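Peer 1: Pasting a structure here, questions to come.
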Amino acid sequence: MCPGCDTALSMTAATPSQQGFSPLTKLVEEAKRMVDSAPAPHPDEPDDDDGPLYAARRKIYPQHVTGTYRRIKWAVLLVTLGIYYLLPFVRWDRGPNAPDQAVLIDFPARRFYFFFIEIWPQEVYYLTGLLILAAMALFLMNAVAGRVWCGYLCPQTVWTDLFLAIERWTEGDRREHLLRDRQPWSFDRLARAGLKHFLWLMVAWWTGGAWVLYFADAPTLVRELATFQAPLAAYVFIAMLTFTTYALAGWMREQVCVYMCPWPRIQAALTDEYALNVTYRYDRGEPRASLKKAAALHEHGQPAGDCIDCLQCVYVCPTGVDIRGGPNLGCIQCGLCIDACDAVMAKIGRPARLIAYDTDINIKRRLQGQQPFYRIVRSRTVLYAVVIALVGVVMMYALTTRRHEAVSVLHDRNPVFVRLTDGAVRNAYTVRILNKNLETQSFVLKISGLAEAEVTVIGGEARRGGDPVIDVGPDQSREVRVLVTTHQELGADASLPLTFTIVPDGGGASVSAADHFLGP
Amino acid sequence: MSEHAEHAHKPPPQIATTGHEWDGIHELNTPLPRWWLWLFYATIIWAVGYWIVYPSWPLLTSYSKGVFGWHARSAVVSDLAALRAQRGPMVAQLEATPLGDIEATPQLLDFARALGRAAFADNCAPCHGAGGGGARGYPNLTDDDWLWGGTLADIEQTIRHGVRSTDDKGHQGSMPAFGRDGMLKRDDIVAAAEYVRSLSGLSTTPGADLGRGAKIFADNCAVCHGPEGKGNRALGAPNLTDKIWLYGPDTKTIIDGIWNGHGGVMPAWGAKLDDVTIKALTVYVHTFGGGEK
């Protein structure tokens with residue numbers, strides 16, 4: 001009920017003399033009766049229709065925490081963000097005909113460079129392999145220890161962690177921040193909030209800035225950006241990523257995980273009962289009792305759990321979850337509640353890991369007096385590992401045996417053959433030669449399968465031993481029109497297999513492509 | 001024990017459930033975030049923005065133009081201008097290079113062929129086929145037989161001014177209708193047709209009088225097709241001694257040709273296509289395979 005209505009009701013109740021006379025009073029009385037008789041919402045007897053459809057976000061003030069998992073998270077944050085921000089500046093010498101940036105997605109030239117690897121667009125299947133590896137690694141992580149990705153590695157988590165650190169530094173830790181938010185606006189509060197948003201925007205801006213550096217020569221682009229000479233697309237993308245980083249890590253935070261991300265839903269379907277999850281060991285914790293109450297209970301010979309209901313686990317949670325309610329979608333399993341609980345347990349002299357990476361099975365086993373058991377090696381983890389190894393081996397094989405030359409042939413479709421004035425038959429082909437070497441390469445084109453064939457390359461005069469020679473520039477492909485003519489008598493509906501072979505001039509293994517020679 | 005076993009599945013008491021329950025699992029009735037609603041309203045406002053800046057509302061005689069002044073036609077024009085600007089340097093090089101030197105420069109040849117391929121597909125393919133393979137009555141451009149000449153200059157002349165076109169400089173000259181116009185009798189035409197077949201070594205009807213055919217040919221046809229039937233490019237008279245037939249080599253077709261005549265028309269493209277496109281088309285047709293030096 002709104003406070004105003006309460007007041008109205010209490011006022012009418014205070015003036016019984018008017019009861020039955022004023023229509024307004026009657027109406028209010030009626031309303032009051034209806035409200036009172038309405039069934040109270042109860043969690044165990046819910047109804048679908050009542051309750052708000054939309055709710056305002058409950059702001060979360062995650063408390064600072066120290067401990068093992070927090071240290072792991074800081075380390076992961078430093079390494080991943082370090083890689084992200086600095087990788088574009090790593091140089092990798094490839095010679096004069098290729099960029100010297102270690103990781104570069106060169107859209108205009110349609111090349112992807114990754115240290116010693118260079119990928120052409122038609123080799124995008126490497127990306128497929130990479131995606132399979134990523135998916136399988138995610139599944140394996142999930143099978144071993146639940147949402148490791150969410151808790152430690154996901155960009156949303158990493159950037160939110162950084163933004164939360166900035167928030168705590170400017171506006172204070174949980175308690176201080178909560179108090180400050182309840183006070184009226186003051187210069188101090190305004191200055192702190194302003195500083196926070198400024199720092200957030202700076203981080204977001206750097207994030208967007210680093211992103212575009214992967215698509216052009218980083219030092220050059222930085223210079224261009226600073227002198228306002230960079231292409232418009234660079235500024236647009238920086239602005240977009242600045243906005244998304246600021247919005248997602250600063251404002252949206254846990255809502256991205258709860259409302260937007262598909263992984264929690266998929267993860268819930270993929271996981272099994274042996275996966276380690278951040279688990280409140282209710283076998284040890286329940287029934288909850290404060291220190292004093294626990295002592296009293298013990299005195300009376302009644303049981304009392306280790307959980308003292310201090311709510312530290314809830315206060316440190318970046319998604320505002322109470323882990324003691326059991327596994328739930330909001331929990332990203334970062335383990336910060338473990339650190340918080342351990343600190344409390346150490347203070348009150350009880351054993352650590354009341355909250356720990358554990359399974360529901362183990363809780364039940366302990367309740368029945370059995371030893372807990374952990375099964376990291378099981379069919380699904382083995383299967384995921386095998387798939388990862390298999391895809392990895394296939395990719396390594398494909399990468400190490402990747403040829404730097406390739407040829408493809410396309411037969412003319414209209415006309416499929418040509419009769420010349422002297423009765424000879426000619427077929428025309430479009431031959432594309434790929435030279436993935438970083439210097440110009442000459443190729444000798446040999447055609448076999450047709451005796452007495454005349455081979456002509458349009459626009460090419462150079463020959464070696466009767467065979468045409470075609471030059472292809474560094475890291476380029478070249479398309480040439482090739483005419484094959486024969487005076488030989490062909491049978492009706494002739495279709496002779498023809499092999500196009502390119503031999504690198506000056507040595508090297510040859511590459512072939514197959515096609516046909518068609519006759520009348 | 002039982003309360004422990006159920007512990008993990010009980011929803012926190014402050015959150016309502018939908019009442020749905022499966023194997024002890026309750027479905028929470030969590031309300032949608034309010035910002036989601038705001039986003040929905042924001043998209044509606046965004047749509048209003050579209051009305052204002054882009055053409056959107058039909059009016060009685062016109063439509064609302066939008067403050068951006070965007071128009072599909074002008075967008076195409078500016079896209080084409082951008083394309084021209086992108087091609088600019090290569091087009092300039094193509095313009096500056098004499099026709100005969102283009103094929104010697106691989107990069108320029110590739111560019112001319114690419115430009116020519118598109119222009120050919122747009123303008124020439126309906127008659128000459130997608131790859132220049134031709135059709136009955138429409139010459140195959142990939143062989144080495146040319147009615148009006150197969151050098152670069154000849155091809156350019158034909159493209160620019162056409163054949164039997166409205167262009168004054170277009171190729172003229174046509175095959176008369178000897179039968180229909182009463183110049184030759186039916187028997188003579190059949191004899192001439194038999195003789196024409198013999199010129200390129202094709203079989204003739206047993207008992208055909210080739211001597212009579214030769215005489216009729218010498219009197220009527222040789223003036224254009226030459227005494228030996230080798231044709232005359234100045235008149236577009238085909239070489240009758242080779243293996244290539246524009247309309248077909250069978251006797252009936254040849255008789256029909258002599259009786260009714262021929263006069264296929266190719267439009268003059270000089271007025272429709274710009275010089276660079278004609279240059280590119282010339283190179284493209286020349287490099288089909290039959291181009292002459």
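Identifiers in the structure tokens: chain A, B, ... in order shown; residue index from 1 per chain; ligand index from 1 in order shown.
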Would you kindly return, as JSON, numbers by chain, each protein, DNA or RNA residue with an atom no farther than 12 Å from any atom of A:Cys337, considering only C-alpha atoms and excluding same-chain residues fewer than 3 positions away?
Peer 2: {"A": [62, 63, 64, 65, 66, 67, 68, 69, 70, 151, 278, 279, 280, 310, 311, 312, 313, 314, 315, 316, 317, 318, 319, 320, 321, 322, 323, 324, 331, 332, 333, 334, 340, 341, 342, 343, 344, 345, 352, 353, 354, 355, 356, 357]}
Peer 1: I need the chain A residues near chain B as a PDB file with C-alpha atoms, in the first residue's frame; criterion: at most 9 Å, counting only C-alpha atoms.
Peer 2:
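Written output follows (out06.pdb):
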ATOM      1  CA  PRO A  41       0.512 -13.249  -2.014  1.00  0.00           C
ATOM      2  CA  HIS A  42       2.320 -16.201  -0.569  1.00  0.00           C
ATOM      3  CA  PRO A  43       5.387 -17.834  -2.025  1.00  0.00           C
ATOM      4  CA  ASP A  44       3.930 -21.296  -1.733  1.00  0.00           C
ATOM      5  CA  GLU A  45       0.533 -20.360  -3.106  1.00  0.00           C
ATOM      6  CA  PRO A  46       1.441 -18.021  -5.895  1.00  0.00           C
ATOM      7  CA  ASP A  47      -0.764 -16.663  -8.625  1.00  0.00           C
ATOM      8  CA  ASP A  48       0.399 -15.661 -12.076  1.00  0.00           C
ATOM      9  CA  ASP A  49      -1.593 -12.498 -12.534  1.00  0.00           C
ATOM     10  CA  GLY A  51       2.751  -8.854  -8.942  1.00  0.00           C
ATOM     11  CA  PRO A  52       4.607  -6.282 -11.008  1.00  0.00           C
ATOM     12  CA  LEU A  53       5.500  -7.027 -14.614  1.00  0.00           C
ATOM     13  CA  TYR A  54       8.453  -4.689 -14.437  1.00  0.00           C
ATOM     14  CA  ALA A  55      10.703  -3.926 -11.544  1.00  0.00           C
ATOM     15  CA  ALA A  56      13.319  -1.291 -10.932  1.00  0.00           C
ATOM     16  CA  ARG A  57      16.839  -2.569 -10.502  1.00  0.00           C
ATOM     17  CA  GLN A 255      21.931  -7.554 -15.440  1.00  0.00           C
ATOM     18  CA  TYR A 259      18.860 -10.964 -18.475  1.00  0.00           C
ATOM     19  CA  TYR A 282      24.324 -26.608   4.381  1.00  0.00           C
ATOM     20  CA  ASP A 283      25.262 -29.903   5.996  1.00  0.00           C
ATOM     21  CA  GLU A 286      22.412 -25.308   9.120  1.00  0.00           C
ATOM     22  CA  ASP A 322      22.479 -15.303  -1.596  1.00  0.00           C
ATOM     23  CA  ARG A 324      22.811 -20.149   0.642  1.00  0.00           C
ATOM     24  CA  GLY A 325      19.613 -20.405  -1.435  1.00  0.00           C
ATOM     25  CA  GLY A 326      21.299 -23.059  -3.567  1.00  0.00           C
ATOM     26  CA  PRO A 327      22.562 -23.001  -7.142  1.00  0.00           C
ATOM     27  CA  ASP A 360      25.330 -31.375  -3.979  1.00  0.00           C
ATOM     28  CA  LYS A 364      24.249 -35.463   0.853  1.00  0.00           C
ATOM     29  CA  LEU A 367      24.938 -35.901   5.783  1.00  0.00           C
ATOM     30  CA  ASP A 412      34.134 -21.184 -69.709  1.00  0.00           C
ATOM     31  CA  ARG A 413      30.417 -21.889 -69.706  1.00  0.00           C
ATOM     32  CA  ASN A 414      29.430 -19.910 -72.758  1.00  0.00           C
ATOM     33  CA  PRO A 415      30.620 -21.257 -75.069  1.00  0.00           C
ATOM     34  CA  VAL A 416      31.895 -24.532 -73.618  1.00  0.00           C
ATOM     35  CA  PHE A 417      34.021 -25.044 -76.742  1.00  0.00           C
ATOM     36  CA  VAL A 418      34.775 -23.058 -79.888  1.00  0.00           C
ATOM     37  CA  ARG A 419      35.234 -24.381 -83.426  1.00  0.00           C
ATOM     38  CA  LEU A 420      37.909 -22.389 -85.214  1.00  0.00           C
ATOM     39  CA  THR A 421      37.977 -21.637 -88.951  1.00  0.00           C
ATOM     40  CA  ASP A 422      40.475 -24.412 -89.626  1.00  0.00           C
ATOM     41  CA  GLY A 423      38.337 -26.934 -87.744  1.00  0.00           C
ATOM     42  CA  ARG A 426      39.378 -24.580 -78.448  1.00  0.00           C
ATOM     43  CA  ALA A 428      38.869 -21.406 -72.616  1.00  0.00           C
ATOM     44  CA  THR A 456      47.941 -19.604 -74.800  1.00  0.00           C
ATOM     45  CA  ILE A 458      45.965 -13.947 -72.789  1.00  0.00           C
ATOM     46  CA  GLY A 459      48.328 -11.069 -72.221  1.00  0.00           C
ATOM     47  CA  GLY A 460      51.252 -13.363 -71.436  1.00  0.00           C
ATOM     48  CA  GLU A 461      54.144 -13.745 -73.805  1.00  0.00           C
ATOM     49  CA  GLU A 479      43.535 -14.522 -62.649  1.00  0.00           C
ATOM     50  CA  VAL A 480      44.501 -15.262 -66.263  1.00  0.00           C
ATOM     51  CA  ARG A 481      42.514 -16.404 -69.273  1.00  0.00           C
ATOM     52  CA  VAL A 482      43.998 -19.552 -70.743  1.00  0.00           C
ATOM     53  CA  LEU A 483      43.104 -20.924 -74.176  1.00  0.00           C
TER      54      LEU A 483
END
Peer 1: I need the residues in stretch 166-254 of chain B that are helix (DSSP H, G or I) according to DSSP; give them as an NGL selection string.
Peer 2: :B and (186-199 or 210-225 or 251-254)
Peer 1: Store the residues picked out above in a file with N, CA and C atoms, as an mmCIF file, in the first residue's frame.
Peer 2:
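Okay, result_31.cif is ready:
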data_model
loop_
_atom_site.group_PDB
_atom_site.id
_atom_site.type_symbol
_atom_site.label_atom_id
_atom_site.label_comp_id
_atom_site.auth_asym_id
_atom_site.auth_seq_id
_atom_site.Cartn_x
_atom_site.Cartn_y
_atom_site.Cartn_z
ATOM 1 N N ARG B 186 14.377 -20.820 -108.535
ATOM 2 C CA ARG B 186 14.532 -21.779 -107.454
ATOM 3 C C ARG B 186 15.621 -22.815 -107.742
ATOM 4 N N ASP B 187 15.636 -23.361 -108.979
ATOM 5 C CA ASP B 187 16.623 -24.372 -109.342
ATOM 6 C C ASP B 187 18.045 -23.825 -109.206
ATOM 7 N N ASP B 188 18.218 -22.586 -109.647
ATOM 8 C CA ASP B 188 19.540 -21.965 -109.585
ATOM 9 C C ASP B 188 20.000 -21.818 -108.140
ATOM 10 N N ILE B 189 19.080 -21.463 -107.294
ATOM 11 C CA ILE B 189 19.420 -21.253 -105.878
ATOM 12 C C ILE B 189 19.841 -22.580 -105.234
ATOM 13 N N VAL B 190 19.122 -23.646 -105.572
ATOM 14 C CA VAL B 190 19.476 -24.957 -105.024
ATOM 15 C C VAL B 190 20.868 -25.359 -105.518
ATOM 16 N N ALA B 191 21.146 -25.119 -106.798
ATOM 17 C CA ALA B 191 22.456 -25.465 -107.351
ATOM 18 C C ALA B 191 23.556 -24.658 -106.668
ATOM 19 N N ALA B 192 23.278 -23.354 -106.464
ATOM 20 C CA ALA B 192 24.279 -22.492 -105.816
ATOM 21 C C ALA B 192 24.540 -22.964 -104.384
ATOM 22 N N ALA B 193 23.477 -23.365 -103.708
ATOM 23 C CA ALA B 193 23.626 -23.821 -102.322
ATOM 24 C C ALA B 193 24.498 -25.073 -102.263
ATOM 25 N N GLU B 194 24.287 -25.977 -103.186
ATOM 26 C CA GLU B 194 25.110 -27.187 -103.226
ATOM 27 C C GLU B 194 26.582 -26.811 -103.432
ATOM 28 N N TYR B 195 26.798 -25.857 -104.330
ATOM 29 C CA TYR B 195 28.166 -25.433 -104.606
ATOM 30 C C TYR B 195 28.812 -24.799 -103.369
ATOM 31 N N VAL B 196 28.026 -23.985 -102.669
ATOM 32 C CA VAL B 196 28.541 -23.315 -101.457
ATOM 33 C C VAL B 196 28.976 -24.366 -100.425
ATOM 34 N N ARG B 197 28.176 -25.413 -100.293
ATOM 35 C CA ARG B 197 28.555 -26.464 -99.345
ATOM 36 C C ARG B 197 29.865 -27.114 -99.751
ATOM 37 N N SER B 198 30.037 -27.281 -101.039
ATOM 38 C CA SER B 198 31.260 -27.948 -101.500
ATOM 39 C C SER B 198 32.508 -27.102 -101.228
ATOM 40 N N LEU B 199 32.296 -25.779 -101.114
ATOM 41 C CA LEU B 199 33.441 -24.884 -100.898
ATOM 42 C C LEU B 199 34.194 -25.200 -99.601
ATOM 43 N N LEU B 210 27.368 -29.328 -109.724
ATOM 44 C CA LEU B 210 28.230 -28.331 -109.073
ATOM 45 C C LEU B 210 28.748 -27.316 -110.086
ATOM 46 N N GLY B 211 28.902 -27.762 -111.352
ATOM 47 C CA GLY B 211 29.385 -26.856 -112.391
ATOM 48 C C GLY B 211 28.410 -25.709 -112.599
ATOM 49 N N ARG B 212 27.108 -26.045 -112.613
ATOM 50 C CA ARG B 212 26.088 -25.012 -112.777
ATOM 51 C C ARG B 212 26.086 -24.083 -111.560
ATOM 52 N N GLY B 213 26.244 -24.715 -110.394
ATOM 53 C CA GLY B 213 26.292 -23.923 -109.164
ATOM 54 C C GLY B 213 27.465 -22.955 -109.196
ATOM 55 N N ALA B 214 28.630 -23.444 -109.671
ATOM 56 C CA ALA B 214 29.822 -22.603 -109.718
ATOM 57 C C ALA B 214 29.593 -21.403 -110.617
ATOM 58 N N LYS B 215 28.884 -21.618 -111.729
ATOM 59 C CA LYS B 215 28.644 -20.526 -112.668
ATOM 60 C C LYS B 215 27.712 -19.482 -112.040
ATOM 61 N N ILE B 216 26.650 -19.984 -111.425
ATOM 62 C CA ILE B 216 25.705 -19.060 -110.775
ATOM 63 C C ILE B 216 26.414 -18.277 -109.674
ATOM 64 N N PHE B 217 27.294 -18.990 -108.936
ATOM 65 C CA PHE B 217 28.058 -18.329 -107.869
ATOM 66 C C PHE B 217 28.930 -17.223 -108.452
ATOM 67 N N ALA B 218 29.658 -17.559 -109.529
ATOM 68 C CA ALA B 218 30.563 -16.585 -110.141
ATOM 69 C C ALA B 218 29.787 -15.371 -110.648
ATOM 70 N N ASP B 219 28.574 -15.602 -111.176
ATOM 71 C CA ASP B 219 27.790 -14.494 -111.732
ATOM 72 C C ASP B 219 27.127 -13.629 -110.666
ATOM 73 N N ASN B 220 26.712 -14.253 -109.593
ATOM 74 C CA ASN B 220 25.889 -13.507 -108.620
ATOM 75 C C ASN B 220 26.552 -13.263 -107.258
ATOM 76 N N CYS B 221 27.342 -14.244 -106.809
ATOM 77 C CA CYS B 221 27.805 -14.180 -105.415
ATOM 78 C C CYS B 221 29.234 -13.672 -105.294
ATOM 79 N N ALA B 222 30.044 -13.978 -106.303
ATOM 80 C CA ALA B 222 31.475 -13.704 -106.187
ATOM 81 C C ALA B 222 31.764 -12.223 -106.009
ATOM 82 N N VAL B 223 30.858 -11.389 -106.441
ATOM 83 C CA VAL B 223 31.096 -9.956 -106.333
ATOM 84 C C VAL B 223 31.287 -9.543 -104.867
ATOM 85 N N CYS B 224 30.598 -10.196 -103.983
ATOM 86 C CA CYS B 224 30.796 -9.902 -102.550
ATOM 87 C C CYS B 224 31.650 -10.977 -101.872
ATOM 88 N N HIS B 225 31.308 -12.233 -102.105
ATOM 89 C CA HIS B 225 31.990 -13.311 -101.377
ATOM 90 C C HIS B 225 33.337 -13.681 -101.994
ATOM 91 N N THR B 251 21.849 -27.645 -96.009
ATOM 92 C CA THR B 251 21.432 -27.170 -97.335
ATOM 93 C C THR B 251 20.190 -26.285 -97.246
ATOM 94 N N LYS B 252 19.246 -26.703 -96.432
ATOM 95 C CA LYS B 252 17.983 -25.975 -96.336
ATOM 96 C C LYS B 252 18.218 -24.536 -95.848
ATOM 97 N N THR B 253 19.078 -24.424 -94.858
ATOM 98 C CA THR B 253 19.365 -23.103 -94.297
ATOM 99 C C THR B 253 20.052 -22.221 -95.344
ATOM 100 N N ILE B 254 20.973 -22.835 -96.107
ATOM 101 C CA ILE B 254 21.697 -22.044 -97.111
ATOM 102 C C ILE B 254 20.727 -21.588 -98.217
#
Peer 1: Can you pull out the residues contacting stretch 160-167 of chain B? Cut-off 12 Å, using only C-alpha atoms, and skip same-chain residues under 4 positions away; I want them as a PDB file with C-alpha atoms, in the first residue's frame.
Peer 2:
ATOM      1  CA  CYS B 124      25.994  -7.410 -75.370  1.00  0.00           C
ATOM      2  CA  TYR B 138      24.461 -13.513 -83.788  1.00  0.00           C
ATOM      3  CA  PRO B 139      28.191 -14.051 -84.314  1.00  0.00           C
ATOM      4  CA  LEU B 147      32.725 -10.674 -90.526  1.00  0.00           C
ATOM      5  CA  TRP B 148      34.018  -7.115 -90.195  1.00  0.00           C
ATOM      6  CA  ALA B 153      40.575  -1.159 -84.306  1.00  0.00           C
ATOM      7  CA  ASP B 154      38.027  -3.234 -86.248  1.00  0.00           C
ATOM      8  CA  ILE B 155      36.250  -4.354 -83.087  1.00  0.00           C
ATOM      9  CA  GLU B 156      36.132  -0.829 -81.720  1.00  0.00           C
ATOM     10  CA  HIS B 171      28.935  -1.094 -91.489  1.00  0.00           C
ATOM     11  CA  GLN B 172      26.628  -1.386 -94.467  1.00  0.00           C
ATOM     12  CA  GLY B 173      26.018  -4.077 -97.018  1.00  0.00           C
ATOM     13  CA  SER B 174      23.616  -6.943 -96.846  1.00  0.00           C
ATOM     14  CA  MET B 175      22.845 -10.222 -98.505  1.00  0.00           C
ATOM     15  CA  ALA B 234      34.715  -4.535 -96.222  1.00  0.00           C
ATOM     16  CA  LEU B 235      31.198  -5.696 -97.068  1.00  0.00           C
ATOM     17  CA  GLY B 236      30.759  -8.051 -94.188  1.00  0.00           C
ATOM     18  CA  HIS B 262      20.327 -11.755 -94.532  1.00  0.00           C
ATOM     19  CA  GLY B 263      20.819  -8.490 -92.793  1.00  0.00           C
ATOM     20  CA  GLY B 264      21.329  -8.821 -89.078  1.00  0.00           C
ATOM     21  CA  VAL B 265      21.569  -5.516 -87.230  1.00  0.00           C
ATOM     22  CA  MET B 266      23.919  -4.493 -84.445  1.00  0.00           C
ATOM     23  CA  PRO B 267      23.161  -1.160 -82.775  1.00  0.00           C
ATOM     24  CA  ALA B 268      25.734   1.611 -82.690  1.00  0.00           C
ATOM     25  CA  TRP B 269      26.924   1.797 -79.075  1.00  0.00           C
ATOM     26  CA  GLY B 270      28.973   4.974 -79.491  1.00  0.00           C
ATOM     27  CA  ALA B 271      26.039   7.110 -78.466  1.00  0.00           C
ATOM     28  CA  LYS B 272      25.142   5.004 -75.450  1.00  0.00           C
ATOM     29  CA  LEU B 273      28.462   4.013 -73.896  1.00  0.00           C
ATOM     30  CA  ASP B 274      31.326   6.261 -72.933  1.00  0.00           C
ATOM     31  CA  ASP B 275      34.760   5.981 -74.508  1.00  0.00           C
ATOM     32  CA  VAL B 276      36.355   4.127 -71.614  1.00  0.00           C
ATOM     33  CA  THR B 277      33.612   1.510 -71.593  1.00  0.00           C
ATOM     34  CA  ILE B 278      33.943   1.010 -75.353  1.00  0.00           C
ATOM     35  CA  LYS B 279      37.705   0.691 -74.938  1.00  0.00           C
ATOM     36  CA  LEU B 281      34.658  -3.767 -74.236  1.00  0.00           C
ATOM     37  CA  THR B 282      36.992  -3.806 -77.221  1.00  0.00           C
TER      38      THR B 282
END
Peer 1: What's around A:Ala453 at 8 Å? Count only C-alpha atoms, leave out sequence neighbours fewer than 5 positions away in its own chain, and write the answer as a ChimeraX atom specification.
Peer 2: /A:484-487
Peer 1: Next, dump the selected residues to file, keeping only C-alpha atoms, as a PDB file, in the first residue's frame.
Peer 2:
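The resulting file, out08.pdb, is reproduced below:
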ATOM      1  CA  VAL A 484      43.720 -24.581 -74.966  1.00  0.00           C
ATOM      2  CA  THR A 485      43.453 -25.512 -78.637  1.00  0.00           C
ATOM      3  CA  THR A 486      43.805 -28.876 -80.332  1.00  0.00           C
ATOM      4  CA  HIS A 487      43.716 -30.036 -83.938  1.00  0.00           C
TER       5      HIS A 487
END
Peer 1: Distance atom CA of A:Lys347-atom CA of A:Leu297, one decimal place?
Peer 2: 20.5 Å
Peer 1: Might you pull out every residue within 8 Å of B:Arg136, with only C-alpha atoms counted and same-chain residues fewer than 3 positions away left off, and present them as a list in words?
Peer 2: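 Here the answer would be Pro139, Leu246, Tyr247 and Gly248 of chain B.
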Peer 1: Please produce a file of the residues just selected, as a tab-separated table (two decimals), in the first residue's frame, where the atoms kept are N, CA and C atoms.
Peer 2:
chain	number	residue	atom	x	y	z
B	139	PRO	N	26.86	-13.43	-84.21
B	139	PRO	CA	28.19	-14.05	-84.31
B	139	PRO	C	28.78	-14.47	-82.97
B	246	LEU	N	27.26	-18.76	-89.65
B	246	LEU	CA	26.48	-17.88	-88.77
B	246	LEU	C	25.04	-18.38	-88.61
B	247	TYR	N	24.50	-18.92	-89.73
B	247	TYR	CA	23.10	-19.36	-89.66
B	247	TYR	C	22.97	-20.87	-89.71
B	248	GLY	N	24.08	-21.56	-90.02
B	248	GLY	CA	24.04	-23.01	-90.07
B	248	GLY	C	24.44	-23.54	-91.44
Peer 1: Would you list, as a list in words, the residues of stretch 259-336 of chain A that end up in strand (DSSP E) under DSSP run on this structure's backbone?
Peer 2: Asn277, Val278, Thr279 and Tyr280 of chain A
Peer 1: Export, as a CSV table (one decimal), in the first residue's frame, the selected residues with C-alpha atoms.
Peer 2:
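Contents of part21.csv, freshly written:
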chain,number,residue,atom,x,y,z
A,277,ASN,CA,29.9,-25.4,-8.1
A,278,VAL,CA,30.3,-22.7,-5.6
A,279,THR,CA,28.2,-24.4,-2.9
A,280,TYR,CA,27.0,-23.5,0.5
